[in-house]
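Participant: Got a file for you: final_10.txt, compact mmCIF, C-alpha atoms.
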# COMPACT_ATOMS: atom_id res chain seq x y z
CA MET A 19 -36.76 -3.92 9.50
CA LYS A 20 -33.84 -1.46 9.45
CA PHE A 21 -31.44 -4.19 8.34
CA ARG A 22 -33.40 -4.74 5.14
CA PHE A 23 -32.40 -1.25 4.01
CA LEU A 24 -28.81 -1.58 5.14
CA PHE A 25 -28.14 -4.80 3.23
CA PRO A 26 -28.42 -3.24 -0.28
CA VAL A 27 -26.12 -0.40 0.84
CA PHE A 28 -23.65 -2.95 2.28
CA LEU A 29 -23.81 -5.07 -0.90
CA LEU A 30 -23.31 -2.00 -3.10
CA GLY A 31 -20.30 -1.01 -0.99
CA ILE A 32 -18.73 -4.44 -1.43
CA LEU A 33 -19.36 -4.46 -5.18
CA SER A 34 -17.96 -0.98 -5.69
CA PHE A 35 -14.85 -1.84 -3.64
CA SER A 36 -14.30 -5.02 -5.64
CA LYS A 37 -14.73 -3.16 -8.91
CA SER A 38 -12.36 -0.34 -7.99
CA ASP A 39 -9.82 -2.75 -6.53
CA ASN A 40 -9.61 -4.57 -9.87
CA GLU A 41 -10.08 -1.52 -12.11
CA ARG A 42 -6.51 -1.50 -13.44
CA PHE A 43 -6.66 -5.10 -14.59
CA LYS A 44 -9.09 -4.23 -17.38
CA TYR A 45 -6.26 -2.25 -19.03
CA TYR A 46 -3.73 -5.09 -18.87
CA GLN A 47 -2.93 -6.95 -22.08
CA PRO A 48 -1.20 -10.33 -21.66
CA ILE A 49 2.12 -10.75 -23.47
CA SER A 50 3.36 -14.04 -22.00
CA LYS A 51 2.26 -17.39 -20.66
CA THR A 52 2.56 -18.30 -17.00
CA GLN A 53 6.21 -18.60 -16.06
CA GLU A 54 8.51 -18.62 -13.07
CA ILE A 55 11.21 -15.96 -13.12
CA GLU A 56 14.04 -14.97 -10.82
CA VAL A 57 13.99 -11.29 -9.93
CA LEU A 58 15.83 -8.65 -7.96
CA TYR A 59 14.29 -5.64 -6.28
CA LEU A 60 15.81 -2.26 -7.13
CA THR A 61 15.51 0.86 -5.02
CA TRP A 62 15.14 4.16 -6.87
CA ASP A 63 14.90 7.71 -5.56
CA ASP A 64 11.71 8.12 -7.63
CA SER A 65 8.94 5.98 -6.11
CA THR A 66 7.05 5.83 -9.42
CA LEU A 67 9.77 3.80 -11.19
CA PRO A 68 9.34 0.04 -11.61
CA ASN A 69 11.35 -1.82 -8.96
CA PHE A 70 11.80 -5.32 -10.35
CA VAL A 71 14.18 -6.74 -12.93
CA LYS A 72 15.01 -10.28 -14.05
CA VAL A 73 18.33 -11.44 -12.62
CA SER A 74 19.60 -12.17 -16.15
CA ASP A 75 18.85 -8.59 -17.27
CA TYR A 76 20.40 -7.14 -14.11
CA LYS A 77 23.65 -8.98 -14.80
CA LYS A 78 23.58 -7.97 -18.46
CA TYR A 79 22.76 -4.27 -17.98
CA VAL A 80 24.00 -3.60 -14.42
CA ASP A 81 26.21 -0.64 -15.36
CA LYS A 82 24.16 0.63 -18.27
CA ALA A 83 21.35 3.15 -18.53
CA GLU A 84 19.49 0.46 -20.50
CA LEU A 85 18.72 -1.42 -17.26
CA PHE A 86 15.63 0.71 -16.68
CA ALA A 87 14.10 -0.47 -19.99
CA HIS A 88 14.06 -4.01 -18.55
CA CYS A 89 12.46 -3.15 -15.22
CA PHE A 90 8.82 -3.89 -14.44
CA TYR A 91 6.14 -3.59 -11.80
CA VAL A 92 4.88 -6.60 -9.86
CA ASP A 93 1.15 -6.72 -9.27
CA SER A 94 -1.45 -9.19 -8.03
CA LYS A 95 -5.22 -9.35 -7.76
CA ASP A 96 -4.57 -10.47 -4.19
CA PRO A 97 -3.57 -7.33 -2.25
CA GLU A 98 -1.67 -9.41 0.32
CA LYS A 99 0.65 -10.84 -2.36
CA ARG A 100 1.40 -7.32 -3.62
CA LYS A 101 2.80 -6.25 -0.26
CA PHE A 102 5.77 -8.68 -0.10
CA LYS A 103 5.53 -8.50 3.69
CA ILE A 104 6.76 -12.01 4.48
CA PRO A 105 9.92 -11.37 6.57
CA VAL A 106 12.10 -13.76 4.55
CA THR A 107 10.93 -12.20 1.29
CA THR A 108 11.38 -8.63 2.49
CA ASP A 109 14.87 -9.46 3.78
CA LYS A 110 15.79 -11.03 0.43
CA LEU A 111 14.56 -7.99 -1.47
CA ILE A 112 16.52 -5.55 0.70
CA LYS A 113 19.72 -7.60 0.44
CA LYS A 114 19.32 -8.07 -3.34
CA ILE A 115 18.99 -11.85 -3.02
CA PRO A 116 17.14 -13.24 -6.07
CA LEU A 117 13.53 -14.18 -5.50
CA LYS A 118 11.53 -16.61 -7.65
CA ILE A 119 8.03 -15.49 -8.57
CA LYS A 120 5.38 -17.08 -10.78
CA GLY A 121 2.91 -15.29 -13.02
CA LYS A 122 2.47 -13.65 -16.42
CA PHE A 123 3.77 -10.51 -18.08
CA PHE A 124 1.29 -7.87 -19.21
CA LYS A 125 1.62 -4.46 -20.80
CA THR A 126 -0.57 -1.50 -19.99
CA LYS A 127 -0.84 2.18 -20.80
CA GLN A 128 -2.57 3.07 -17.53
CA PHE A 129 -3.27 1.92 -14.00
CA ASP A 130 -5.89 2.75 -11.39
CA ASP A 131 -5.61 5.33 -8.62
CA THR A 132 -3.81 3.04 -6.13
CA PHE A 133 -1.14 1.14 -8.06
CA PRO A 134 1.83 1.53 -8.43
CA THR A 135 1.41 4.64 -6.23
CA PRO A 136 -1.69 6.70 -5.42
CA LEU A 137 -0.42 9.66 -7.50
CA PHE A 138 1.02 7.67 -10.42
CA GLU A 139 -1.97 8.12 -12.74
CA ASP A 140 -2.09 11.85 -12.04
CA TYR A 141 1.59 12.16 -12.96
CA ARG A 142 1.10 10.03 -16.07
CA LYS A 143 -1.91 12.03 -17.29
CA THR A 144 -0.19 15.39 -16.76
CA GLY A 145 3.13 14.24 -18.24
CA ASP A 146 4.93 14.73 -14.92
CA LEU A 147 6.49 11.26 -14.69
CA LYS A 148 10.26 11.65 -14.63
CA PHE A 149 10.72 8.81 -17.10
CA LYS A 150 9.44 7.71 -20.49
CA THR A 151 8.62 4.23 -21.73
CA GLU A 152 8.47 2.90 -25.25
CA ASN A 153 5.02 3.61 -26.72
CA GLY A 154 3.84 4.84 -23.30
CA GLU A 155 3.42 1.23 -22.19
CA PHE A 156 4.40 -0.16 -18.80
CA LEU A 157 5.52 -3.72 -18.19
CA VAL A 158 3.77 -5.53 -15.32
CA PHE A 159 4.29 -9.04 -13.96
CA VAL A 160 1.06 -10.28 -12.36
CA LEU A 161 1.57 -12.91 -9.69
CA ASP A 162 -0.45 -16.11 -9.84
Translate this file's structure into structure tokens.
Facilitator:
Amino acid sequence: MKFRFLFPVFLLGILSFSKSDNERFKYYQPISKTQEIEVLYLTWDDSTLPNFVKVSDYKKYVDKAELFAHCFYVDSKDPEKRKFKIPVTTDKLIKKIPLKIKGKFFKTKQFDDTFPTPLFEDYRKTGDLKFKTENGEFLVFVLD
């Protein structure tokens, strides 16, 4: 008898988690078709900055301040894909070895409260991000 009351609470918990986990995707606007790109991972002092860049843009803008304008975030609806925890992948990213990824580019003006960092949206809303983007839009590559 007690389980009958717990099930709706359990179901509600699952639905609310699923909704909040995918909250940011409702703000994403597609700007490309599915494609495979070769990327490099960049390390910045500021953890809110986008860490990925196409290899072609990296070579073109490597010594220029314009490089940042070509950087983007990498996201996925699958939280495991977002982590890049596969040892070979992580090693490649650290050593700046190009990595091929498949997905689509999106633009967005906001995220949720977990991606790209838990405090990112607070910084964006208060104007405390240490960088500006064109039209206040962020570029995101969503993995397939």
Participant: Around the point (4.2, -16.7, -11.9) (coordinates from the file), which residues reach within 8 Å if we count only C-alpha atoms? Answer as a list in words.
Facilitator: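 Answer for this query, in the requested form: Thr52, Gln53, Glu54, Ile55, Ile119, Lys120, Gly121, Lys122, Phe159, Val160, Leu161 and Asp162 of chain A.
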Participant: How would the residues just picked look written out with C-alpha atoms as a PDB file, in the frame of the given file?
Facilitator:
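The new file out01.pdb reads:
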ATOM      1  CA  THR A  52       2.560 -18.300 -17.000  1.00  0.00           C
ATOM      2  CA  GLN A  53       6.210 -18.600 -16.060  1.00  0.00           C
ATOM      3  CA  GLU A  54       8.510 -18.620 -13.070  1.00  0.00           C
ATOM      4  CA  ILE A  55      11.210 -15.960 -13.120  1.00  0.00           C
ATOM      5  CA  ILE A 119       8.030 -15.490  -8.570  1.00  0.00           C
ATOM      6  CA  LYS A 120       5.380 -17.080 -10.780  1.00  0.00           C
ATOM      7  CA  GLY A 121       2.910 -15.290 -13.020  1.00  0.00           C
ATOM      8  CA  LYS A 122       2.470 -13.650 -16.420  1.00  0.00           C
ATOM      9  CA  PHE A 159       4.290  -9.040 -13.960  1.00  0.00           C
ATOM     10  CA  VAL A 160       1.060 -10.280 -12.360  1.00  0.00           C
ATOM     11  CA  LEU A 161       1.570 -12.910  -9.690  1.00  0.00           C
ATOM     12  CA  ASP A 162      -0.450 -16.110  -9.840  1.00  0.00           C
TER      13      ASP A 162
END
Participant: I'd like the interatomic distance between atom CA of Phe156 of chain A and atom CA of His88 of chain A, to a tenth of an Å.
Facilitator: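 Atom CA of Phe156 of chain A sits 10.4 Å away from atom CA of His88 of chain A.
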Participant: Just how far from atom CA of Lys125 of chain A is atom CA of Gly154 of chain A, in Å to one decimal?
Facilitator: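 About the pair atom CA of Gly154 of chain A and atom CA of Lys125 of chain A: they are 9.9 Å apart.
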Participant: Ranking A:Phe70, A:Thr151, A:Thr135, A:Ser94 by minimum distance to Tyr46 of chain A and counting all atoms listed in the file, which one comes first?
Facilitator: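 When distances to Tyr46 of chain A are compared using all atoms listed in the file, the smallest one comes from A:Ser94.
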Participant: May I ask for the distance between atom CA of Phe133 of chain A and atom CA of Tyr79 of chain A, given in Å to one decimal place?
Facilitator: 26.4 Å
Participant: Let me make sure I understand: among A:Gln47, A:Thr61, A:Thr66, A:Leu137, which one has the smallest atom-to-atom distance to Lys113 of chain A if we use all atoms listed in the file?
Facilitator: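 Result for the nearest residue to Lys113 of chain A: A:Thr61.
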Participant: Which residue is closest to Lys118 of chain A? Choose from A:Tyr59, A:Tyr76, A:Phe149, A:Phe43 and count only C-alpha atoms.
Facilitator: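 Closest to Lys118 of chain A, using only C-alpha atoms: A:Tyr59.
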Participant: Write segment 68-79 of chain A as an mmCIF file, keeping the file's coordinate frame, completed to all heavy atoms.
Facilitator:
data_model
loop_
_atom_site.group_PDB
_atom_site.id
_atom_site.type_symbol
_atom_site.label_atom_id
_atom_site.label_comp_id
_atom_site.auth_asym_id
_atom_site.auth_seq_id
_atom_site.Cartn_x
_atom_site.Cartn_y
_atom_site.Cartn_z
ATOM 1 N N PRO A 68 9.516 1.475 -11.871
ATOM 2 C CA PRO A 68 9.340 0.040 -11.610
ATOM 3 C C PRO A 68 10.551 -0.505 -10.847
ATOM 4 O O PRO A 68 11.690 -0.154 -11.143
ATOM 5 C CB PRO A 68 9.237 -0.576 -13.001
ATOM 6 C CG PRO A 68 9.794 0.434 -13.938
ATOM 7 C CD PRO A 68 9.655 1.769 -13.289
ATOM 8 N N ASN A 69 10.291 -1.370 -9.858
ATOM 9 C CA ASN A 69 11.350 -1.820 -8.960
ATOM 10 C C ASN A 69 11.893 -3.214 -9.213
ATOM 11 O O ASN A 69 12.800 -3.641 -8.504
ATOM 12 C CB ASN A 69 10.840 -1.793 -7.507
ATOM 13 C CG ASN A 69 10.558 -0.410 -7.044
ATOM 14 O OD1 ASN A 69 9.418 -0.001 -7.027
ATOM 15 N ND2 ASN A 69 11.571 0.336 -6.697
ATOM 16 N N PHE A 70 11.359 -3.943 -10.157
ATOM 17 C CA PHE A 70 11.800 -5.320 -10.350
ATOM 18 C C PHE A 70 12.488 -5.500 -11.692
ATOM 19 O O PHE A 70 12.153 -4.838 -12.668
ATOM 20 C CB PHE A 70 10.612 -6.281 -10.246
ATOM 21 C CG PHE A 70 10.080 -6.390 -8.844
ATOM 22 C CD1 PHE A 70 9.155 -5.499 -8.363
ATOM 23 C CD2 PHE A 70 10.541 -7.385 -7.993
ATOM 24 C CE1 PHE A 70 8.673 -5.575 -7.063
ATOM 25 C CE2 PHE A 70 10.069 -7.475 -6.691
ATOM 26 C CZ PHE A 70 9.133 -6.572 -6.230
ATOM 27 N N VAL A 71 13.453 -6.414 -11.706
ATOM 28 C CA VAL A 71 14.180 -6.740 -12.930
ATOM 29 C C VAL A 71 14.553 -8.223 -12.859
ATOM 30 O O VAL A 71 14.826 -8.747 -11.772
ATOM 31 C CB VAL A 71 15.435 -5.842 -13.097
ATOM 32 C CG1 VAL A 71 16.464 -6.101 -12.004
ATOM 33 C CG2 VAL A 71 16.039 -5.982 -14.471
ATOM 34 N N LYS A 72 14.549 -8.882 -14.009
ATOM 35 C CA LYS A 72 15.010 -10.280 -14.050
ATOM 36 C C LYS A 72 16.497 -10.292 -13.708
ATOM 37 O O LYS A 72 17.238 -9.382 -14.091
ATOM 38 C CB LYS A 72 14.820 -10.878 -15.439
ATOM 39 C CG LYS A 72 13.402 -11.178 -15.802
ATOM 40 C CD LYS A 72 13.389 -11.820 -17.187
ATOM 41 C CE LYS A 72 12.014 -12.101 -17.683
ATOM 42 N NZ LYS A 72 12.032 -12.702 -19.031
ATOM 43 N N VAL A 73 16.917 -11.316 -13.000
ATOM 44 C CA VAL A 73 18.330 -11.440 -12.620
ATOM 45 C C VAL A 73 19.213 -11.418 -13.868
ATOM 46 O O VAL A 73 20.251 -10.759 -13.895
ATOM 47 C CB VAL A 73 18.559 -12.720 -11.782
ATOM 48 C CG1 VAL A 73 20.042 -12.971 -11.566
ATOM 49 C CG2 VAL A 73 17.829 -12.617 -10.454
ATOM 50 N N SER A 74 18.797 -12.119 -14.923
ATOM 51 C CA SER A 74 19.600 -12.170 -16.150
ATOM 52 C C SER A 74 19.779 -10.780 -16.760
ATOM 53 O O SER A 74 20.861 -10.445 -17.243
ATOM 54 C CB SER A 74 18.975 -13.126 -17.161
ATOM 55 O OG SER A 74 17.651 -12.721 -17.466
ATOM 56 N N ASP A 75 18.738 -9.953 -16.738
ATOM 57 C CA ASP A 75 18.850 -8.590 -17.270
ATOM 58 C C ASP A 75 19.702 -7.714 -16.361
ATOM 59 O O ASP A 75 20.456 -6.865 -16.834
ATOM 60 C CB ASP A 75 17.461 -7.955 -17.433
ATOM 61 C CG ASP A 75 16.683 -8.576 -18.585
ATOM 62 O OD1 ASP A 75 17.311 -9.102 -19.524
ATOM 63 O OD2 ASP A 75 15.439 -8.534 -18.540
ATOM 64 N N TYR A 76 19.598 -7.918 -15.058
ATOM 65 C CA TYR A 76 20.400 -7.140 -14.110
ATOM 66 C C TYR A 76 21.887 -7.384 -14.364
ATOM 67 O O TYR A 76 22.682 -6.447 -14.403
ATOM 68 C CB TYR A 76 20.034 -7.511 -12.679
ATOM 69 C CG TYR A 76 20.795 -6.713 -11.649
ATOM 70 C CD1 TYR A 76 20.439 -5.404 -11.354
ATOM 71 C CD2 TYR A 76 21.878 -7.271 -10.966
ATOM 72 C CE1 TYR A 76 21.132 -4.662 -10.404
ATOM 73 C CE2 TYR A 76 22.568 -6.531 -10.020
ATOM 74 C CZ TYR A 76 22.199 -5.238 -9.738
ATOM 75 O OH TYR A 76 22.890 -4.505 -8.815
ATOM 76 N N LYS A 77 22.247 -8.643 -14.549
ATOM 77 C CA LYS A 77 23.650 -8.980 -14.800
ATOM 78 C C LYS A 77 24.124 -8.415 -16.136
ATOM 79 O O LYS A 77 25.251 -7.969 -16.273
ATOM 80 C CB LYS A 77 23.844 -10.493 -14.780
ATOM 81 C CG LYS A 77 23.703 -11.078 -13.394
ATOM 82 C CD LYS A 77 23.819 -12.585 -13.409
ATOM 83 C CE LYS A 77 23.658 -13.151 -12.008
ATOM 84 N NZ LYS A 77 23.642 -14.615 -11.996
ATOM 85 N N LYS A 78 23.234 -8.425 -17.115
ATOM 86 C CA LYS A 78 23.580 -7.970 -18.460
ATOM 87 C C LYS A 78 23.702 -6.446 -18.549
ATOM 88 O O LYS A 78 24.570 -5.921 -19.226
ATOM 89 C CB LYS A 78 22.523 -8.468 -19.441
ATOM 90 C CG LYS A 78 22.831 -8.227 -20.885
ATOM 91 C CD LYS A 78 21.764 -8.885 -21.750
ATOM 92 C CE LYS A 78 22.038 -8.706 -23.222
ATOM 93 N NZ LYS A 78 21.009 -9.340 -24.050
ATOM 94 N N TYR A 79 22.825 -5.719 -17.845
ATOM 95 C CA TYR A 79 22.760 -4.270 -17.980
ATOM 96 C C TYR A 79 23.127 -3.522 -16.700
ATOM 97 O O TYR A 79 22.817 -2.356 -16.553
ATOM 98 C CB TYR A 79 21.352 -3.840 -18.391
ATOM 99 C CG TYR A 79 20.902 -4.434 -19.695
ATOM 100 C CD1 TYR A 79 19.971 -5.471 -19.712
ATOM 101 C CD2 TYR A 79 21.403 -3.977 -20.901
ATOM 102 C CE1 TYR A 79 19.544 -6.029 -20.906
ATOM 103 C CE2 TYR A 79 20.985 -4.527 -22.105
ATOM 104 C CZ TYR A 79 20.051 -5.560 -22.092
ATOM 105 O OH TYR A 79 19.637 -6.107 -23.275
#
